[in-house]
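**Q** Input structure: my_file02.tsv, which contains TSV, C-alpha atoms.
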chain	number	residue	atom	x	y	z
A	1	MET	CA	8.43	8.00	-30.68
A	2	ARG	CA	4.74	7.08	-30.95
A	3	ILE	CA	3.12	7.12	-27.51
A	4	LEU	CA	-0.40	5.93	-26.65
A	5	LEU	CA	-2.03	7.45	-23.55
A	6	ILE	CA	-4.83	5.28	-22.15
A	7	ASP	CA	-6.88	6.91	-19.38
A	8	ASP	CA	-10.58	7.62	-19.03
A	9	SER	CA	-9.78	11.02	-17.52
A	10	LYS	CA	-9.04	13.71	-20.07
A	11	THR	CA	-7.50	15.77	-17.24
A	12	MET	CA	-4.98	13.03	-16.54
A	13	ARG	CA	-4.23	12.54	-20.25
A	14	ASN	CA	-3.56	16.29	-20.56
A	15	ILE	CA	-1.19	16.24	-17.56
A	16	GLN	CA	0.70	13.24	-18.99
A	17	LYS	CA	0.75	14.84	-22.44
A	18	SER	CA	2.33	17.98	-21.05
A	19	VAL	CA	5.08	15.90	-19.34
A	20	LEU	CA	5.70	14.02	-22.58
A	21	LYS	CA	5.90	17.26	-24.56
A	22	GLN	CA	8.48	18.59	-22.11
A	23	LEU	CA	10.48	15.44	-22.84
A	24	GLY	CA	10.23	16.23	-26.56
A	25	HIS	CA	7.56	13.66	-27.46
A	26	THR	CA	4.81	15.01	-29.69
A	27	ASP	CA	3.56	11.94	-31.59
A	28	ILE	CA	0.84	11.13	-29.08
A	29	GLU	CA	-2.47	9.30	-29.51
A	30	GLU	CA	-5.13	9.12	-26.80
A	31	ALA	CA	-7.58	6.37	-25.82
A	32	CYS	CA	-10.31	6.59	-23.18
A	33	ASP	CA	-10.34	2.92	-22.14
A	34	GLY	CA	-8.72	-0.42	-22.87
A	35	GLN	CA	-11.05	-1.29	-25.73
A	36	ASP	CA	-10.54	2.09	-27.39
A	37	ALA	CA	-6.79	1.54	-27.06
A	38	LEU	CA	-6.93	-1.94	-28.63
A	39	ASN	CA	-8.89	-0.44	-31.53
A	40	LYS	CA	-6.21	2.22	-32.05
A	41	VAL	CA	-3.13	0.00	-31.69
A	42	PRO	CA	-3.08	-1.53	-35.22
A	43	ALA	CA	-3.09	1.83	-37.02
A	44	PHE	CA	-1.03	3.86	-34.54
A	45	LYS	CA	1.56	1.15	-33.75
A	46	PRO	CA	2.61	2.63	-30.40
A	47	GLU	CA	6.22	2.38	-29.25
A	48	LEU	CA	5.23	3.16	-25.63
A	49	CYS	CA	1.89	3.01	-23.81
A	50	LEU	CA	0.90	4.70	-20.53
A	51	VAL	CA	-2.06	2.78	-19.13
A	52	ASP	CA	-4.50	3.61	-16.34
A	53	TRP	CA	-5.95	0.66	-14.40
A	54	ASN	CA	-9.55	1.56	-13.49
A	55	MET	CA	-11.48	2.46	-16.62
A	56	PRO	CA	-14.97	1.69	-17.92
A	57	ASN	CA	-15.56	-0.85	-20.74
A	58	MET	CA	-12.12	-2.46	-20.49
A	59	ASP	CA	-9.72	-1.88	-17.59
A	60	GLY	CA	-6.01	-1.39	-17.96
A	61	LEU	CA	-5.02	-4.83	-16.68
A	62	THR	CA	-7.22	-6.53	-19.28
A	63	PHE	CA	-5.72	-4.26	-21.94
A	64	VAL	CA	-2.18	-5.23	-20.86
A	65	LYS	CA	-2.97	-8.96	-20.92
A	66	THR	CA	-4.64	-8.72	-24.33
A	67	PHE	CA	-1.89	-6.50	-25.77
A	68	ARG	CA	0.82	-8.86	-24.52
A	69	GLU	CA	-0.79	-11.83	-26.35
A	70	THR	CA	0.58	-10.41	-29.58
A	71	ASP	CA	3.22	-7.87	-28.52
A	72	LYS	CA	5.82	-8.93	-25.98
A	73	THR	CA	8.22	-6.03	-26.38
A	74	THR	CA	6.55	-2.59	-26.60
A	75	PRO	CA	7.09	-0.93	-23.21
A	76	LEU	CA	3.99	-0.43	-21.06
A	77	ILE	CA	3.83	1.85	-18.01
A	78	MET	CA	0.89	1.52	-15.63
A	79	VAL	CA	-0.14	4.94	-14.26
A	80	THR	CA	-2.79	4.35	-11.63
A	81	THR	CA	-4.21	5.04	-8.18
A	82	GLU	CA	-3.88	1.31	-7.40
A	83	ALA	CA	-0.98	1.46	-4.96
A	84	GLU	CA	-1.14	-1.87	-3.10
A	85	LYS	CA	1.90	-4.13	-3.52
A	86	SER	CA	-0.34	-6.99	-4.64
A	87	ARG	CA	-1.68	-4.82	-7.49
A	88	VAL	CA	1.81	-3.80	-8.58
A	89	ILE	CA	2.86	-7.46	-8.68
A	90	GLU	CA	-0.30	-8.39	-10.59
A	91	ALA	CA	0.42	-5.71	-13.19
A	92	ILE	CA	4.06	-6.71	-13.58
A	93	LYS	CA	3.04	-10.36	-14.00
A	94	ALA	CA	0.60	-9.27	-16.71
A	95	GLY	CA	3.45	-7.58	-18.57
A	96	VAL	CA	3.91	-3.95	-17.56
A	97	ASN	CA	7.49	-2.67	-17.59
A	98	ASN	CA	7.09	0.10	-15.02
A	99	TYR	CA	4.55	1.44	-12.54
A	100	VAL	CA	3.63	4.98	-11.46
A	101	VAL	CA	1.19	5.62	-8.62
A	102	LYS	CA	-1.12	8.65	-8.83
A	103	PRO	CA	-0.67	11.28	-7.52
A	104	PHE	CA	2.71	11.87	-9.13
A	105	THR	CA	4.91	14.88	-9.71
A	106	PRO	CA	5.84	15.72	-13.31
A	107	ASP	CA	9.45	14.91	-12.38
A	108	LEU	CA	8.58	11.42	-11.19
A	109	LEU	CA	6.54	10.60	-14.30
A	110	SER	CA	9.24	12.02	-16.50
A	111	GLU	CA	11.89	9.92	-14.72
A	112	ARG	CA	9.87	6.69	-15.08
A	113	ILE	CA	9.22	7.32	-18.78
A	114	THR	CA	12.89	8.02	-19.48
A	115	GLU	CA	14.12	4.98	-17.53
A	116	THR	CA	11.56	2.69	-19.17
A	117	ILE	CA	12.49	3.82	-22.67
A	118	ALA	CA	16.20	3.41	-21.86
A	119	LYS	CA	15.74	-0.03	-20.28
A	120	CYS	CA	13.63	-1.35	-23.15
A	121	ALA	CA	16.01	0.02	-25.78
A	122	ALA	CA	19.03	-1.68	-24.17
C	1	MET	CA	-17.07	3.48	12.28
C	2	ASP	CA	-13.51	2.23	12.84
C	3	ALA	CA	-11.16	5.23	13.11
C	4	SER	CA	-8.62	3.36	11.01
C	5	TYR	CA	-10.98	3.85	8.05
C	6	ILE	CA	-10.78	7.63	8.38
C	7	THR	CA	-7.09	8.38	8.91
C	8	PRO	CA	-5.96	7.17	5.45
C	9	PHE	CA	-8.29	9.72	3.81
C	10	MET	CA	-6.85	12.60	5.84
C	11	THR	CA	-3.36	11.70	4.67
C	12	SER	CA	-4.52	11.01	1.16
C	13	ILE	CA	-6.22	14.37	0.46
C	14	GLN	CA	-3.11	16.16	1.78
C	15	ASN	CA	-0.89	13.98	-0.41
C	16	VAL	CA	-2.99	14.42	-3.58
C	17	PHE	CA	-3.43	18.19	-3.22
C	18	SER	CA	0.21	18.84	-2.34
C	19	THR	CA	1.69	16.50	-4.97
C	20	MET	CA	-0.54	17.49	-7.88
C	21	PHE	CA	-0.82	21.24	-7.29
C	22	GLN	CA	1.10	22.23	-4.16
C	23	LEU	CA	-2.02	23.15	-2.16
C	24	PRO	CA	-1.66	22.58	1.60
C	25	VAL	CA	-4.67	21.09	3.39
C	26	ASP	CA	-5.45	21.59	7.10
C	27	ILE	CA	-7.60	18.81	8.47
C	28	GLY	CA	-10.33	19.77	10.96
C	29	GLU	CA	-12.24	17.72	13.52
C	30	PRO	CA	-14.23	14.85	11.93
C	31	SER	CA	-17.93	14.59	12.82
C	32	ILE	CA	-20.85	12.29	12.04
C	33	LYS	CA	-23.07	13.36	9.14
C	34	THR	CA	-26.70	12.83	9.93
C	35	ASP	CA	-28.51	13.36	6.61
C	36	ASN	CA	-28.08	12.59	2.91
C	37	THR	CA	-28.14	16.21	1.71
C	38	ALA	CA	-24.83	17.17	0.13
C	39	THR	CA	-22.69	19.47	2.27
C	40	HIS	CA	-21.70	21.58	-0.75
C	41	ASP	CA	-22.90	21.93	-4.34
C	42	VAL	CA	-20.21	19.86	-6.10
C	43	SER	CA	-19.84	16.18	-5.15
C	44	GLY	CA	-17.23	13.80	-6.55
C	45	ILE	CA	-18.36	10.30	-5.62
C	46	ILE	CA	-16.61	6.91	-5.53
C	47	GLY	CA	-18.28	3.61	-4.65
C	48	VAL	CA	-16.39	0.98	-2.65
C	49	SER	CA	-17.14	-2.72	-3.03
C	50	GLY	CA	-15.72	-6.13	-2.14
C	51	GLU	CA	-14.52	-6.75	1.42
C	52	MET	CA	-15.66	-3.23	2.33
C	53	LEU	CA	-18.76	-1.36	1.23
C	54	GLY	CA	-19.59	2.30	1.03
C	55	THR	CA	-19.08	5.66	-0.60
C	56	ILE	CA	-16.41	8.32	-0.57
C	57	VAL	CA	-17.52	11.86	-1.42
C	58	LEU	CA	-15.40	14.93	-2.03
C	59	SER	CA	-17.86	17.77	-1.42
C	60	MET	CA	-16.84	21.28	-2.47
C	61	PRO	CA	-18.50	24.69	-2.76
C	62	LYS	CA	-18.58	25.65	-6.45
C	63	ASP	CA	-16.10	28.53	-6.09
C	64	ALA	CA	-13.59	26.39	-4.19
C	65	ALA	CA	-14.00	23.58	-6.72
C	66	LEU	CA	-13.40	25.97	-9.63
C	67	SER	CA	-10.23	27.33	-7.99
C	68	ILE	CA	-8.93	23.85	-7.15
C	69	VAL	CA	-9.64	22.54	-10.65
C	70	THR	CA	-7.84	25.56	-12.13
C	71	LEU	CA	-4.77	24.73	-10.04
C	72	PHE	CA	-5.03	21.04	-10.97
C	73	THR	CA	-5.47	21.46	-14.72
C	74	GLY	CA	-3.84	24.84	-15.33
C	75	MET	CA	-7.03	25.96	-17.08
C	76	GLU	CA	-10.07	28.02	-16.06
C	77	MET	CA	-13.33	26.15	-16.61
C	78	GLU	CA	-17.08	26.54	-16.29
C	79	ALA	CA	-18.70	24.44	-13.56
C	80	ASP	CA	-21.05	22.82	-16.09
C	81	SER	CA	-18.30	21.77	-18.51
C	82	GLU	CA	-17.29	18.14	-19.12
C	83	ASP	CA	-13.68	19.01	-18.33
C	84	PHE	CA	-14.63	20.33	-14.88
C	85	VAL	CA	-16.59	17.15	-14.13
C	86	ASP	CA	-13.67	15.03	-15.34
C	87	ALA	CA	-11.17	16.89	-13.14
C	88	VAL	CA	-13.34	16.62	-10.00
C	89	GLY	CA	-13.80	12.91	-10.73
C	90	GLU	CA	-10.06	12.38	-11.06
C	91	LEU	CA	-9.41	14.17	-7.76
C	92	VAL	CA	-11.78	11.93	-5.78
C	93	ASN	CA	-10.42	8.93	-7.66
C	94	MET	CA	-6.85	9.69	-6.59
C	95	ILE	CA	-7.87	10.45	-2.98
C	96	SER	CA	-9.82	7.18	-2.74
C	97	GLY	CA	-7.21	5.02	-4.47
C	98	ASN	CA	-4.44	6.40	-2.32
C	99	ALA	CA	-6.40	5.80	0.90
C	100	LYS	CA	-7.45	2.32	-0.21
C	101	ALA	CA	-3.81	1.26	-0.38
C	102	GLU	CA	-3.54	1.91	3.35
C	103	PHE	CA	-6.23	-0.66	4.10
C	104	GLN	CA	-3.84	-3.43	2.97
C	105	ARG	CA	-6.63	-5.64	1.76
C	106	LYS	CA	-6.70	-7.39	-1.57
C	107	GLY	CA	-10.44	-7.56	-1.99
C	108	VAL	CA	-11.46	-3.89	-1.98
C	109	SER	CA	-12.38	-2.25	-5.27
C	110	ILE	CA	-13.29	1.33	-6.09
C	111	SER	CA	-15.66	2.36	-8.84
C	112	CYS	CA	-15.05	4.87	-11.59
C	113	PRO	CA	-15.99	8.32	-10.24
C	114	SER	CA	-19.33	10.11	-10.62
C	115	VAL	CA	-19.81	13.83	-10.21
C	116	VAL	CA	-23.03	15.58	-9.19
C	117	THR	CA	-23.45	19.35	-9.11
C	118	GLY	CA	-26.26	21.60	-7.91
C	119	GLU	CA	-27.57	22.89	-4.59
C	120	ASN	CA	-29.18	20.49	-2.12
C	121	HIS	CA	-28.59	17.32	-4.11
C	122	ARG	CA	-28.56	14.08	-2.10
C	123	VAL	CA	-25.95	11.34	-1.93
C	124	SER	CA	-27.20	8.11	-0.38
C	125	THR	CA	-24.95	5.80	1.63
C	126	PRO	CA	-25.37	2.03	2.04
C	127	SER	CA	-27.78	1.05	4.81
C	128	GLY	CA	-26.21	0.53	8.23
C	129	THR	CA	-23.23	2.72	7.40
C	130	ALA	CA	-22.32	5.81	9.41
C	131	CYS	CA	-20.96	8.73	7.40
C	132	VAL	CA	-18.03	10.73	8.78
C	133	LYS	CA	-17.36	14.28	7.57
C	134	ILE	CA	-13.76	15.43	7.48
C	135	PRO	CA	-13.48	19.22	7.06
C	136	CYS	CA	-10.45	20.22	5.02
C	137	SER	CA	-9.34	23.81	4.91
C	138	THR	CA	-7.37	25.12	1.92
C	139	ASP	CA	-6.42	28.50	0.48
C	140	CYS	CA	-9.11	27.85	-2.16
C	141	GLY	CA	-11.82	27.41	0.49
C	142	GLU	CA	-13.10	24.67	2.75
C	143	VAL	CA	-13.88	21.28	1.21
C	144	VAL	CA	-15.24	18.20	2.93
C	145	LEU	CA	-14.49	14.50	2.61
C	146	GLU	CA	-17.44	12.29	3.52
C	147	ILE	CA	-16.54	8.69	4.27
C	148	ALA	CA	-19.24	6.05	4.68
C	149	LEU	CA	-17.53	2.66	4.92
C	150	ARG	CA	-18.16	-0.63	6.65
C	151	GLU	CA	-17.03	-4.24	6.47
C	152	ALA	CA	-19.01	-6.28	3.96
C	153	THR	CA	-21.05	-9.01	5.64
C	154	ALA	CA	-21.74	-12.51	4.36
C	155	GLU	CA	-25.19	-11.21	3.43
C	156	ASP	CA	-23.66	-8.47	1.26
C	157	LYS	CA	-21.45	-10.99	-0.51
C	158	GLU	CA	-24.17	-13.60	-1.09
C	159	PRO	CA	-25.70	-12.12	-4.27
C	160	GLN	CA	-22.23	-11.86	-5.86
C	161	THR	CA	-21.52	-15.52	-5.11
C	162	ARG	CA	-24.80	-16.53	-6.70
C	163	ALA	CA	-24.14	-14.42	-9.76
C	164	ALA	CA	-20.73	-16.03	-10.24
I'd like the structure from this file rewritten - as structure tokens, please.

**A**
Amino acid sequence: MRILLIDDSKTMRNIQKSVLKQLGHTDIEEACDGQDALNKVPAFKPELCLVDWNMPNMDGLTFVKTFRETDKTTPLIMVTTEAEKSRVIEAIKAGVNNYVVKPFTPDLLSERITETIAKCAA
Amino acid sequence: MDASYITPFMTSIQNVFSTMFQLPVDIGEPSIKTDNTATHDVSGIIGVSGEMLGTIVLSMPKDAALSIVTLFTGMEMEADSEDFVDAVGELVNMISGNAKAEFQRKGVSISCPSVVTGENHRVSTPSGTACVKIPCSTDCGEVVLEIALREATAEDKEPQTRAA
């Protein structure tokens, strides 16, 4: 499965990458903000995206809204420090399929990834 | 400063450190910081804007910061490396974001993090804002959270309204 990690923090991308590798996913592309991700989408054709919210140049919410204009089905998981209910609702309305609040344990992230993939495949 | 601004940060640093790398944090007695000189030589800084204004600083001695970053990333790093700066930035980002959720306000935003290193650097706070130091003791050394937050006034919001 092709997975696009979108986070301006390399540290956070590495942590997420290590969780994905433990789940057996190795086809991973990285983007450092929403605009970088949009540039990489056409060639990489992700089957799952993990998206941070607060990033320079283009934030994660703008990425989700733009991505959803042309792709209604690829699962998107927001992985962010934005923990307020209103933010979660805003992200879901924009088109994310699941939501993980930082800080997270590897088990929690792993669980959310697995359930999102299963739900979207059903 | 309203005490309710401080408590969420105490909980948040404990939550972030224990969840991400199982490091317990003992919170000490908060005190008012009276100058702009950084408490320690590594500062992770977040700006707060919107309904509240201010700065949140995670200040760490270099050795403590290196140990904490090693636990966080699983890698040993040099203090002048980009990866070290990135990791410190992500720590203060998570601490601030987590605490912000406790404020239960829609209109508070946090900036992307900045990191400054070096002895005796200065971190300015917005005018009219008291800065509270929260000492945090860990097995990697003592770190400090510095919270300078206040309600935004109509005067603070005015330039944004004009710009819109």

**Q** Hey, what's within 7 Å of range 4-12 of chain A if we count only C-alpha atoms and toss same-chain stuff fewer than 3 positions away? As a list of chain:residue names, please?

**A**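 Residues near the query, excluding close chain neighbours: A:Ile15, A:Gln16, A:Ile28, A:Glu29, A:Glu30, A:Ala31, A:Cys32, A:Asp33, A:Gly34, A:Ala37, A:Pro46, A:Leu48, A:Cys49, A:Leu50, A:Val51, A:Asp52, A:Met55, C:Thr73, C:Asp86, C:Ala87, C:Glu90.
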
**Q** From the list C:Val116, C:Ala65, C:Met20, C:Ala130, which residue is nearest Val144 in chain C when using only C-alpha atoms?

**A**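 When distances to Val144 in chain C are compared using only C-alpha atoms, the smallest one comes from C:Ala65.
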
**Q** Please measure the separation of CA of Met94 in chain C and CA of Thr81 in chain A, giving the value in Å to one decimal.

**A**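 Between CA of Met94 in chain C and CA of Thr81 in chain A the gap works out to 5.6 Å.
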
**Q** Calculate how many Å separate CA of Glu90 in chain A from CA of Glu69 in chain A, rounding to one decimal.

**A**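 Rounded to one decimal, the two atoms are 16.1 Å apart.
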
**Q** With all atoms listed in the file as the counted atoms, please give the residues lying no more than 8 Å from Phe63 in chain A, apart from itself and same-chain residues fewer than 3 positions off, as a PyMOL selection string.

**A** chain A and resi 34-35+37-38+58-60+66-67

**Q** If we count only C-alpha atoms, what is near Leu109 in chain A at a cut-off of 8 Å, once residues fewer than 3 positions away on the same chain are taken out, given as a VMD selection string?

**A** chain A and resid 16 19 100 104 to 106 112 to 113

**Q** May I ask which of the residues C:Glu82, C:Asp26, C:Glu102, C:Asp63 is the closest one to Ile6 in chain C, counting only C-alpha atoms?

**A** C:Glu102

**Q** So which residues touch Lys133 in chain C within 9 Å, counting only C-alpha atoms, skipping near sequence neighbours fewer than 4 positions away, as a list in words?

**A** Glu29, Pro30, Ser31, Ile32, Lys33, Val144, Leu145, Glu146, Ile147 and Ala148 of chain C

**Q** Regenerate range 98-112 of chain C at the level of N, CA and C atoms and dump it as a short mmCIF file (atom, residue, chain, number, x, y, z; two decimals), keeping the file's coordinate frame.

**A**
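Output saved as out-v7.cif:
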data_model
loop_
_atom_site.label_atom_id
_atom_site.label_comp_id
_atom_site.auth_asym_id
_atom_site.auth_seq_id
_atom_site.Cartn_x
_atom_site.Cartn_y
_atom_site.Cartn_z
N ASN C 98 -5.56 6.22 -3.22
CA ASN C 98 -4.44 6.40 -2.32
C ASN C 98 -4.78 5.89 -0.91
N ALA C 99 -5.97 6.23 -0.43
CA ALA C 99 -6.40 5.80 0.90
C ALA C 99 -6.61 4.29 0.93
N LYS C 100 -7.17 3.76 -0.14
CA LYS C 100 -7.45 2.32 -0.21
C LYS C 100 -6.18 1.49 -0.01
N ALA C 101 -5.07 1.99 -0.51
CA ALA C 101 -3.81 1.26 -0.38
C ALA C 101 -3.44 1.06 1.08
N GLU C 102 -3.86 2.00 1.92
CA GLU C 102 -3.54 1.91 3.35
C GLU C 102 -4.33 0.81 4.05
N PHE C 103 -5.43 0.38 3.45
CA PHE C 103 -6.23 -0.66 4.10
C PHE C 103 -5.54 -2.03 4.03
N GLN C 104 -4.60 -2.18 3.11
CA GLN C 104 -3.84 -3.43 2.97
C GLN C 104 -4.75 -4.65 2.82
N ARG C 105 -5.77 -4.48 2.01
CA ARG C 105 -6.63 -5.64 1.76
C ARG C 105 -6.70 -5.84 0.25
N LYS C 106 -6.69 -7.11 -0.14
CA LYS C 106 -6.70 -7.39 -1.57
C LYS C 106 -8.07 -7.18 -2.19
N GLY C 107 -9.12 -7.48 -1.39
CA GLY C 107 -10.44 -7.56 -1.99
C GLY C 107 -11.27 -6.30 -1.91
N VAL C 108 -10.67 -5.14 -2.00
CA VAL C 108 -11.46 -3.89 -1.98
C VAL C 108 -11.30 -3.21 -3.33
N SER C 109 -12.43 -2.92 -3.96
CA SER C 109 -12.38 -2.25 -5.27
C SER C 109 -13.07 -0.91 -5.18
N ILE C 110 -12.60 0.04 -6.00
CA ILE C 110 -13.29 1.33 -6.09
C ILE C 110 -13.87 1.48 -7.49
N SER C 111 -14.99 2.18 -7.55
CA SER C 111 -15.66 2.36 -8.84
C SER C 111 -15.02 3.52 -9.61
N CYS C 112 -15.41 3.65 -10.87
CA CYS C 112 -15.05 4.87 -11.59
C CYS C 112 -15.85 6.02 -10.94
#
